[in-house]
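Chemist: Can you keep this structure in mind? I'll have questions shortly.
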There are 2 protein chains.
Amino acid sequence: MPEVIILGTLALDSVETPFGRKDNILGGSAAYAAFASSFFAKPGIVSIAGKDFPAGHKAALEAKGIDLTGVKIEGKTFRWEGFYEFDMNEAKTLKTELNSLAGFVPEIPDGYKSAKYVFLANTDPEIQLQVLEKMDNPATIILDTMNFWIQHKKEHLVKAMKKAHIVLLNDGEARQMFDTPNLVKAAKKVLSLGPYAAIIKKGEHGALLFTKSHHFNAPGYPLEDIKDPTGCGDAFGGALIGYLARAKSHDQAVVRKAMVYASVIASFNAEDFSLERLKQLTHKEIEGRYREFVQMRNF
Amino acid sequence: MPEVIILGTLALDSVETPFGRKDNILGGSAAYAAFASSFFAKPGIVSIAGKDFPAGHKAALEAKGIDLTGVKIEGKTFRWEGFYEFDMNEAKTLKTELNSLAGFVPEIPDGYKSAKYVFLANTDPEIQLQVLEKMDNPATIILDTMNFWIQHKKEHLVKAMKKAHIVLLNDGEARQMFDTPNLVKAAKKVLSLGPYAAIIKKGEHGALLFTKSHHFNAPGYPLEDIKDPTGCGDAFGGALIGYLARAKSHDQAVVRKAMVYASVIASFNAEDFSLERLKQLTHKEIEGRYREFVQMRNF
């Protein structure tokens, strides 16, 4: 039985960065999040893929112990094509083909319903709400989103946020959603909706945690060689929920450690295309970089 | 005798932010740096001001124990006029009047020459070099600069950097100077010129320290109310050299603590216009926020 349920996309990505181009590689928020989560707890994915989804991609997910019984197979797989410029800061989308994702109605296998840890990765907030309705009684719900939903489905998004324990936003999304340049103010607005914690992801600058009584600053890892930052935010969220599931807690002291592990996994993810680096990643490497995080903020 | 020599500008600033407008207020890199430094060690300024420099501004500097015998009085004071938009991230310059700064040749009072700690705040690198030539044998030289000098006086700037122990750059300047989007690569280029340490200032995102064998990440302080960020970078540099002078060391463990104190002082500086907040700032408040920094990075 999966311990962590991850709702998100499975995709065939075509990505170009200054370090090369790769076509039809494994991507999507659920793929990145589940891979990252798998280092800490057993994930199950709720998603949809097409009949063209390569057997190799499926095998790669299964090799990480990821449960795929919540993945519908229908039509053609969602495709994303994008590129990064010299500074690698922002993905530029060239093409999005929704394909089977367009009519996706999530189905939750019975074996998933009692799971206590849920990560609603970036997807339509209406679908995020549908998944929550079908779960028994999750102990921790983490919700992620993106600018598109803030712009086009804000009411549903607010509704979904109200049901979440932890809301993830990147800095631009936080500013956009709450119409303020100040991240502290934006985080307070998140908390006023009900969530216990707001986490603001700032890419290479790390991430901030705000609860009513605490704030925490997780550093970014200063990577000298970034090959492809696609999926780092999803990997961050996946590792976060995985760590909380392993710790069976979302106390803020636990969330702090979880954020550092999430930063560790996300930093490895950027070192190669698709999930290539996470496929090879060992617990020894994770612990080594975690210790480096401890060192790099020691004063 | 001053323990810390600060080369920089004294200015009359006119600043507009979303929180108001102030005219002819005390500004300039030397003013901010010396104020910040004064919490840790006795600073002396090398600069120039005009006959129009208000007695009140002079008295404010002297009230902090700042030695002004290295300040020439000649012609009219350097003036800067600028504003900040909603996001407060970047000063937009409306007007710069160099005035007496135009022909400035620094003179170092005899009482300054044996000082061991020197902060070359943002000024013409030729003037930075002239000051270093006149000092006896400083133990620690910190150099700051800005995009203008990178663009127009790169050769002199490189020469000055080679003589510094610690180079401060903001992230944009680091990328510009070394023609790379990657801050780790830029920092390594700084170190290859000779400095013992490179510090990359990232505004609200904190600052990074790189030495040949260590890296450190100082968090930014999540301020909810920023009134005027002018001078925060200068205050950071001034507090940094002041702390090192007090500790009589630039070992990397000391530089880490110094960077956190520098972040503390810079965060207070943004809370009001000009040096108003630093005028009122107490050691108790500094220690209180330092403890908050310890808390906010604890995991």
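Ordering of the structure tokens sets the chain letters (A, B, ...); residue numbers start at 1 within each chain; ligands are numbered from 1 in the order shown.
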If we count only C-alpha atoms, what is near Lys42 (chain A) at a cut-off of 10 Å, once residues fewer than 4 positions away on the same chain are taken out, given as a list in words?
Modeler: Met1, Pro2, Glu3, Val4, Ile5, Ala34, Phe35, Ser37, Ser38, Lys64, Gly65, Ile66, Asp67, Gly242, Ala245 and Arg246 of chain A
Chemist: If chain B is fitted onto chain A by least squares over all C-alpha atoms, taken pair by pair in sequence order, what do its new coordinates look like as a JSON list (two decimals) with C-alpha atoms, in the first residue's frame?
Modeler:
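Output file part_10.json follows:
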[["chain", "number", "residue", "atom", "x", "y", "z"],
["B", 1, "MET", "CA", 0.03, -0.02, -0.01],
["B", 2, "PRO", "CA", 1.41, 3.40, -0.86],
["B", 3, "GLU", "CA", 2.06, 5.67, 2.14],
["B", 4, "VAL", "CA", 2.08, 8.85, 0.08],
["B", 5, "ILE", "CA", -0.47, 9.69, -2.60],
["B", 6, "ILE", "CA", 0.74, 12.00, -5.33],
["B", 7, "LEU", "CA", -1.65, 13.70, -7.70],
["B", 8, "GLY", "CA", 0.01, 15.21, -10.73],
["B", 9, "THR", "CA", 0.91, 14.80, -14.36],
["B", 10, "LEU", "CA", 2.88, 12.17, -16.24],
["B", 11, "ALA", "CA", 4.38, 13.67, -19.35],
["B", 12, "LEU", "CA", 6.60, 13.17, -22.31],
["B", 13, "ASP", "CA", 8.92, 16.16, -22.27],
["B", 14, "SER", "CA", 11.14, 17.61, -24.95],
["B", 15, "VAL", "CA", 13.65, 19.90, -23.31],
["B", 16, "GLU", "CA", 16.50, 22.00, -24.60],
["B", 17, "THR", "CA", 19.06, 23.62, -22.32],
["B", 18, "PRO", "CA", 22.50, 25.10, -23.06],
["B", 19, "PHE", "CA", 23.75, 21.55, -22.37],
["B", 20, "GLY", "CA", 21.77, 19.71, -25.00],
["B", 21, "ARG", "CA", 18.39, 18.56, -26.14],
["B", 22, "LYS", "CA", 16.36, 15.52, -25.14],
["B", 23, "ASP", "CA", 13.09, 14.35, -26.68],
["B", 24, "ASN", "CA", 10.22, 12.33, -25.23],
["B", 25, "ILE", "CA", 11.88, 12.02, -21.86],
["B", 26, "LEU", "CA", 9.98, 11.09, -18.71],
["B", 27, "GLY", "CA", 8.49, 14.18, -17.11],
["B", 28, "GLY", "CA", 5.43, 15.60, -15.39],
["B", 29, "SER", "CA", 4.89, 16.80, -11.84],
["B", 30, "ALA", "CA", 3.83, 13.36, -10.55],
["B", 31, "ALA", "CA", 6.89, 11.64, -12.00],
["B", 32, "TYR", "CA", 9.33, 14.10, -10.39],
["B", 33, "ALA", "CA", 7.43, 14.19, -7.09],
["B", 34, "ALA", "CA", 7.07, 10.41, -6.83],
["B", 35, "PHE", "CA", 10.73, 9.78, -7.63],
["B", 36, "ALA", "CA", 11.77, 12.29, -4.96],
["B", 37, "SER", "CA", 9.29, 10.88, -2.46],
["B", 38, "SER", "CA", 10.49, 7.32, -2.99],
["B", 39, "PHE", "CA", 13.71, 7.99, -1.07],
["B", 40, "PHE", "CA", 11.66, 8.38, 2.12],
["B", 41, "ALA", "CA", 8.33, 6.51, 1.77],
["B", 42, "LYS", "CA", 6.38, 4.42, -0.74],
["B", 43, "PRO", "CA", 4.48, 6.66, -3.20],
["B", 44, "GLY", "CA", 1.40, 5.93, -5.27],
["B", 45, "ILE", "CA", 0.52, 8.13, -8.25],
["B", 46, "VAL", "CA", -2.93, 9.40, -9.25],
["B", 47, "SER", "CA", -2.62, 10.50, -12.86],
["B", 48, "ILE", "CA", -3.30, 9.66, -16.48],
["B", 49, "ALA", "CA", -0.99, 8.58, -19.28],
["B", 50, "GLY", "CA", -1.55, 7.56, -22.89],
["B", 51, "LYS", "CA", -1.16, 4.25, -24.64],
["B", 52, "ASP", "CA", 2.04, 5.75, -26.10],
["B", 53, "PHE", "CA", 3.65, 6.05, -22.63],
["B", 54, "PRO", "CA", 6.89, 4.10, -23.10],
["B", 55, "ALA", "CA", 7.33, 0.82, -21.22],
["B", 56, "GLY", "CA", 10.80, 2.06, -20.22],
["B", 57, "HIS", "CA", 9.33, 5.10, -18.43],
["B", 58, "LYS", "CA", 6.83, 2.86, -16.61],
["B", 59, "ALA", "CA", 9.62, 0.49, -15.62],
["B", 60, "ALA", "CA", 11.72, 3.43, -14.32],
["B", 61, "LEU", "CA", 8.89, 4.49, -12.02],
["B", 62, "GLU", "CA", 8.27, 0.93, -10.84],
["B", 63, "ALA", "CA", 11.99, 0.42, -10.20],
["B", 64, "LYS", "CA", 11.65, 3.10, -7.50],
["B", 65, "GLY", "CA", 8.80, 1.17, -5.86],
["B", 66, "ILE", "CA", 6.23, 3.68, -7.11],
["B", 67, "ASP", "CA", 2.69, 2.30, -7.20],
["B", 68, "LEU", "CA", 0.97, 3.01, -10.53],
["B", 69, "THR", "CA", -2.46, 1.47, -9.93],
["B", 70, "GLY", "CA", -3.88, 5.00, -9.72],
["B", 71, "VAL", "CA", -2.66, 5.83, -13.24],
["B", 72, "LYS", "CA", -5.33, 5.61, -15.95],
["B", 73, "ILE", "CA", -4.19, 4.70, -19.46],
["B", 74, "GLU", "CA", -6.15, 6.49, -22.16],
["B", 75, "GLY", "CA", -5.49, 8.11, -25.54],
["B", 76, "LYS", "CA", -2.18, 9.98, -25.89],
["B", 77, "THR", "CA", 0.19, 11.13, -23.13],
["B", 78, "PHE", "CA", 0.39, 14.81, -22.13],
["B", 79, "ARG", "CA", 3.37, 16.44, -23.83],
["B", 80, "TRP", "CA", 5.42, 19.51, -22.92],
["B", 81, "GLU", "CA", 8.13, 21.11, -24.99],
["B", 82, "GLY", "CA", 10.29, 23.86, -23.61],
["B", 83, "PHE", "CA", 13.73, 25.34, -23.35],
["B", 84, "TYR", "CA", 15.98, 27.23, -20.98],
["B", 85, "GLU", "CA", 18.16, 30.14, -21.87],
["B", 86, "PHE", "CA", 21.69, 30.82, -20.68],
["B", 87, "ASP", "CA", 20.66, 31.73, -17.13],
["B", 88, "MET", "CA", 18.54, 28.57, -16.65],
["B", 89, "ASN", "CA", 16.19, 30.45, -14.39],
["B", 90, "GLU", "CA", 12.91, 29.99, -16.12],
["B", 91, "ALA", "CA", 11.47, 27.39, -18.46],
["B", 92, "LYS", "CA", 10.11, 28.85, -21.69],
["B", 93, "THR", "CA", 7.24, 26.78, -23.01],
["B", 94, "LEU", "CA", 7.20, 26.11, -26.75],
["B", 95, "LYS", "CA", 4.27, 23.72, -26.87],
["B", 96, "THR", "CA", 1.79, 22.03, -24.56],
["B", 97, "GLU", "CA", -0.35, 19.13, -25.81],
["B", 98, "LEU", "CA", -2.88, 18.22, -23.12],
["B", 99, "ASN", "CA", -4.03, 15.05, -24.92],
["B", 100, "SER", "CA", -5.64, 12.59, -22.47],
["B", 101, "LEU", "CA", -5.12, 15.05, -19.60],
["B", 102, "ALA", "CA", -7.90, 17.21, -21.08],
["B", 103, "GLY", "CA", -10.79, 15.09, -19.79],
["B", 104, "PHE", "CA", -9.05, 13.59, -16.77],
["B", 105, "VAL", "CA", -11.28, 12.55, -13.88],
["B", 106, "PRO", "CA", -9.14, 11.08, -11.10],
["B", 107, "GLU", "CA", -9.98, 7.65, -9.74],
["B", 108, "ILE", "CA", -8.56, 6.61, -6.41],
["B", 109, "PRO", "CA", -7.82, 2.90, -6.01],
["B", 110, "ASP", "CA", -9.19, 1.45, -2.76],
["B", 111, "GLY", "CA", -5.67, 0.73, -1.60],
["B", 112, "TYR", "CA", -4.86, 4.46, -1.73],
["B", 113, "LYS", "CA", -7.77, 5.86, 0.24],
["B", 114, "SER", "CA", -6.45, 5.29, 3.74],
["B", 115, "ALA", "CA", -3.03, 6.84, 3.01],
["B", 116, "LYS", "CA", -2.23, 9.61, 5.49],
["B", 117, "TYR", "CA", 0.06, 11.74, 3.31],
["B", 118, "VAL", "CA", -1.13, 13.48, 0.17],
["B", 119, "PHE", "CA", 0.76, 15.72, -2.23],
["B", 120, "LEU", "CA", -1.42, 17.62, -4.66],
["B", 121, "ALA", "CA", 1.23, 18.60, -7.19],
["B", 122, "ASN", "CA", 0.53, 21.29, -9.72],
["B", 123, "THR", "CA", -2.75, 20.41, -11.50],
["B", 124, "ASP", "CA", -6.21, 21.87, -11.99],
["B", 125, "PRO", "CA", -7.50, 22.80, -8.50],
["B", 126, "GLU", "CA", -10.87, 21.23, -9.33],
["B", 127, "ILE", "CA", -9.09, 17.92, -9.76],
["B", 128, "GLN", "CA", -7.13, 18.54, -6.56],
["B", 129, "LEU", "CA", -10.47, 18.98, -4.75],
["B", 130, "GLN", "CA", -11.92, 15.83, -6.31],
["B", 131, "VAL", "CA", -8.99, 13.79, -5.06],
["B", 132, "LEU", "CA", -9.33, 15.14, -1.52],
["B", 133, "GLU", "CA", -13.04, 14.27, -1.48],
["B", 134, "LYS", "CA", -12.20, 10.66, -2.24],
["B", 135, "MET", "CA", -9.52, 10.23, 0.43],
["B", 136, "ASP", "CA", -10.55, 8.84, 3.84],
["B", 137, "ASN", "CA", -8.80, 11.09, 6.32],
["B", 138, "PRO", "CA", -5.33, 12.32, 5.38],
["B", 139, "ALA", "CA", -3.11, 13.59, 8.19],
["B", 140, "THR", "CA", -1.06, 15.89, 5.98],
["B", 141, "ILE", "CA", -2.01, 17.48, 2.68],
["B", 142, "ILE", "CA", 0.54, 19.53, 0.76],
["B", 143, "LEU", "CA", -0.73, 21.61, -2.14],
["B", 144, "ASP", "CA", 1.31, 23.05, -4.99],
["B", 145, "THR", "CA", 0.03, 25.12, -7.91],
["B", 146, "MET", "CA", 1.16, 27.45, -10.70],
["B", 147, "ASN", "CA", 0.46, 30.87, -12.19],
["B", 148, "PHE", "CA", -2.05, 29.48, -14.72],
["B", 149, "TRP", "CA", -4.46, 28.31, -11.99],
["B", 150, "ILE", "CA", -4.00, 31.51, -9.99],
["B", 151, "GLN", "CA", -5.04, 33.43, -13.06],
["B", 152, "HIS", "CA", -7.85, 31.22, -14.32],
["B", 153, "LYS", "CA", -9.22, 29.23, -11.37],
["B", 154, "LYS", "CA", -8.50, 31.31, -8.31],
["B", 155, "GLU", "CA", -11.79, 30.51, -6.54],
["B", 156, "HIS", "CA", -11.26, 26.77, -6.81],
["B", 157, "LEU", "CA", -7.65, 27.20, -5.84],
["B", 158, "VAL", "CA", -8.58, 29.11, -2.68],
["B", 159, "LYS", "CA", -11.06, 26.33, -1.83],
["B", 160, "ALA", "CA", -8.34, 23.72, -2.27],
["B", 161, "MET", "CA", -5.84, 25.76, -0.24],
["B", 162, "LYS", "CA", -8.31, 25.91, 2.65],
["B", 163, "LYS", "CA", -8.19, 22.11, 2.88],
["B", 164, "ALA", "CA", -4.37, 21.89, 2.78],
["B", 165, "HIS", "CA", -2.02, 21.77, 5.78],
["B", 166, "ILE", "CA", 0.93, 23.10, 3.85],
["B", 167, "VAL", "CA", 0.78, 25.32, 0.77],
["B", 168, "LEU", "CA", 3.75, 25.54, -1.60],
["B", 169, "LEU", "CA", 4.12, 28.57, -3.84],
["B", 170, "ASN", "CA", 7.09, 29.95, -5.67],
["B", 171, "ASP", "CA", 7.89, 33.59, -4.99],
["B", 172, "GLY", "CA", 6.36, 34.89, -8.21],
["B", 173, "GLU", "CA", 3.15, 32.93, -7.63],
["B", 174, "ALA", "CA", 2.89, 34.12, -4.03],
["B", 175, "ARG", "CA", 3.21, 37.74, -5.15],
["B", 176, "GLN", "CA", 0.70, 37.22, -7.96],
["B", 177, "MET", "CA", -1.88, 35.39, -5.87],
["B", 178, "PHE", "CA", -1.97, 37.90, -3.01],
["B", 179, "ASP", "CA", -1.12, 41.03, -4.97],
["B", 180, "THR", "CA", 1.85, 42.08, -2.84],
["B", 181, "PRO", "CA", 5.58, 42.19, -3.54],
["B", 182, "ASN", "CA", 6.24, 41.24, 0.07],
["B", 183, "LEU", "CA", 6.65, 37.51, 0.69],
["B", 184, "VAL", "CA", 5.99, 37.80, 4.44],
["B", 185, "LYS", "CA", 2.64, 39.44, 3.73],
["B", 186, "ALA", "CA", 1.81, 36.82, 1.07],
["B", 187, "ALA", "CA", 2.66, 33.99, 3.47],
["B", 188, "LYS", "CA", 0.42, 35.51, 6.16],
["B", 189, "LYS", "CA", -2.42, 35.60, 3.64],
["B", 190, "VAL", "CA", -1.92, 31.89, 2.98],
["B", 191, "LEU", "CA", -2.06, 31.17, 6.73],
["B", 192, "SER", "CA", -5.22, 33.26, 7.08],
["B", 193, "LEU", "CA", -6.95, 30.82, 4.70],
["B", 194, "GLY", "CA", -6.33, 28.00, 7.17],
["B", 195, "PRO", "CA", -3.13, 26.12, 6.28],
["B", 196, "TYR", "CA", -0.76, 25.42, 9.12],
["B", 197, "ALA", "CA", 2.26, 26.42, 7.03],
["B", 198, "ALA", "CA", 3.20, 28.32, 3.89],
["B", 199, "ILE", "CA", 6.38, 27.46, 2.04],
["B", 200, "ILE", "CA", 7.71, 29.94, -0.51],
["B", 201, "LYS", "CA", 10.08, 28.32, -3.00],
["B", 202, "LYS", "CA", 12.72, 30.69, -4.36],
["B", 203, "GLY", "CA", 14.61, 28.41, -6.77],
["B", 204, "GLU", "CA", 18.37, 28.82, -6.38],
["B", 205, "HIS", "CA", 17.75, 31.11, -3.38],
["B", 206, "GLY", "CA", 16.22, 28.32, -1.29],
["B", 207, "ALA", "CA", 12.83, 28.30, 0.41],
["B", 208, "LEU", "CA", 11.07, 30.05, 3.27],
["B", 209, "LEU", "CA", 8.74, 28.45, 5.80],
["B", 210, "PHE", "CA", 6.16, 30.49, 7.66],
["B", 211, "THR", "CA", 3.84, 29.26, 10.39],
["B", 212, "LYS", "CA", 1.89, 31.47, 12.80],
["B", 213, "SER", "CA", 4.75, 31.36, 15.29],
["B", 214, "HIS", "CA", 7.91, 30.45, 13.36],
["B", 215, "HIS", "CA", 9.84, 31.25, 10.27],
["B", 216, "PHE", "CA", 12.63, 29.25, 8.71],
["B", 217, "ASN", "CA", 15.00, 29.83, 5.83],
["B", 218, "ALA", "CA", 16.23, 26.79, 3.90],
["B", 219, "PRO", "CA", 19.24, 27.65, 1.75],
["B", 220, "GLY", "CA", 19.57, 26.77, -1.90],
["B", 221, "TYR", "CA", 22.53, 24.62, -2.84],
["B", 222, "PRO", "CA", 25.08, 26.55, -4.91],
["B", 223, "LEU", "CA", 25.34, 24.21, -7.89],
["B", 224, "GLU", "CA", 28.20, 24.88, -10.25],
["B", 225, "ASP", "CA", 26.80, 22.67, -13.01],
["B", 226, "ILE", "CA", 23.10, 22.72, -13.68],
["B", 227, "LYS", "CA", 22.06, 20.68, -16.69],
["B", 228, "ASP", "CA", 18.29, 20.84, -16.51],
["B", 229, "PRO", "CA", 16.22, 22.42, -13.72],
["B", 230, "THR", "CA", 12.93, 20.91, -14.97],
["B", 231, "GLY", "CA", 10.95, 19.33, -12.15],
["B", 232, "CYS", "CA", 13.00, 20.74, -9.27],
["B", 233, "GLY", "CA", 9.93, 22.30, -7.67],
["B", 234, "ASP", "CA", 7.98, 19.04, -8.01],
["B", 235, "ALA", "CA", 10.90, 17.04, -6.64],
["B", 236, "PHE", "CA", 11.04, 19.47, -3.69],
["B", 237, "GLY", "CA", 7.35, 18.87, -2.94],
["B", 238, "GLY", "CA", 7.64, 15.11, -3.37],
["B", 239, "ALA", "CA", 10.64, 14.81, -1.08],
["B", 240, "LEU", "CA", 8.86, 17.02, 1.45],
["B", 241, "ILE", "CA", 5.76, 14.83, 1.71],
["B", 242, "GLY", "CA", 7.93, 11.69, 1.65],
["B", 243, "TYR", "CA", 10.01, 12.89, 4.59],
["B", 244, "LEU", "CA", 6.91, 13.89, 6.59],
["B", 245, "ALA", "CA", 5.38, 10.46, 5.89],
["B", 246, "ARG", "CA", 8.54, 8.77, 7.14],
["B", 247, "ALA", "CA", 8.60, 11.00, 10.24],
["B", 248, "LYS", "CA", 4.81, 10.64, 10.69],
["B", 249, "SER", "CA", 4.54, 14.31, 11.63],
["B", 250, "HIS", "CA", 4.25, 17.79, 10.24],
["B", 251, "ASP", "CA", 5.48, 19.61, 13.34],
["B", 252, "GLN", "CA", 7.44, 22.65, 12.27],
["B", 253, "ALA", "CA", 10.73, 21.20, 13.51],
["B", 254, "VAL", "CA", 10.13, 18.19, 11.26],
["B", 255, "VAL", "CA", 9.07, 20.40, 8.35],
["B", 256, "ARG", "CA", 12.40, 22.27, 8.64],
["B", 257, "LYS", "CA", 14.42, 19.06, 8.25],
["B", 258, "ALA", "CA", 12.06, 17.94, 5.48],
["B", 259, "MET", "CA", 12.70, 21.20, 3.60],
["B", 260, "VAL", "CA", 16.44, 20.66, 3.75],
["B", 261, "TYR", "CA", 16.10, 17.08, 2.47],
["B", 262, "ALA", "CA", 13.76, 18.42, -0.22],
["B", 263, "SER", "CA", 16.42, 20.99, -1.21],
["B", 264, "VAL", "CA", 19.02, 18.23, -1.32],
["B", 265, "ILE", "CA", 16.90, 16.09, -3.67],
["B", 266, "ALA", "CA", 15.96, 19.08, -5.86],
["B", 267, "SER", "CA", 19.62, 20.09, -6.18],
["B", 268, "PHE", "CA", 20.57, 16.60, -7.40],
["B", 269, "ASN", "CA", 17.63, 16.66, -9.81],
["B", 270, "ALA", "CA", 19.07, 19.68, -11.64],
["B", 271, "GLU", "CA", 22.33, 17.87, -12.34],
["B", 272, "ASP", "CA", 20.96, 15.91, -15.30],
["B", 273, "PHE", "CA", 18.01, 15.78, -17.71],
["B", 274, "SER", "CA", 14.69, 14.22, -16.76],
["B", 275, "LEU", "CA", 15.01, 11.81, -13.84],
["B", 276, "GLU", "CA", 18.43, 10.51, -14.86],
["B", 277, "ARG", "CA", 20.20, 11.80, -11.75],
["B", 278, "LEU", "CA", 17.51, 10.65, -9.32],
["B", 279, "LYS", "CA", 17.59, 7.17, -10.92],
["B", 280, "GLN", "CA", 21.22, 6.83, -9.82],
["B", 281, "LEU", "CA", 20.97, 8.73, -6.54],
["B", 282, "THR", "CA", 21.96, 6.85, -3.37],
["B", 283, "HIS", "CA", 21.08, 7.40, 0.27],
["B", 284, "LYS", "CA", 24.77, 7.89, 0.94],
["B", 285, "GLU", "CA", 24.88, 10.80, -1.51],
["B", 286, "ILE", "CA", 21.73, 12.29, 0.03],
["B", 287, "GLU", "CA", 23.20, 12.14, 3.53],
["B", 288, "GLY", "CA", 26.50, 13.57, 2.27],
["B", 289, "ARG", "CA", 24.84, 16.62, 0.75],
["B", 290, "TYR", "CA", 22.58, 17.00, 3.80],
["B", 291, "ARG", "CA", 25.74, 17.30, 5.91],
["B", 292, "GLU", "CA", 27.02, 19.88, 3.44],
["B", 293, "PHE", "CA", 23.81, 21.88, 4.00],
["B", 294, "VAL", "CA", 24.45, 21.71, 7.74],
["B", 295, "GLN", "CA", 27.98, 23.00, 7.18],
["B", 296, "MET", "CA", 27.05, 25.75, 4.79],
["B", 297, "ARG", "CA", 24.70, 27.39, 7.25],
["B", 298, "ASN", "CA", 26.73, 26.96, 10.36],
["B", 299, "PHE", "CA", 27.84, 30.15, 12.07]]
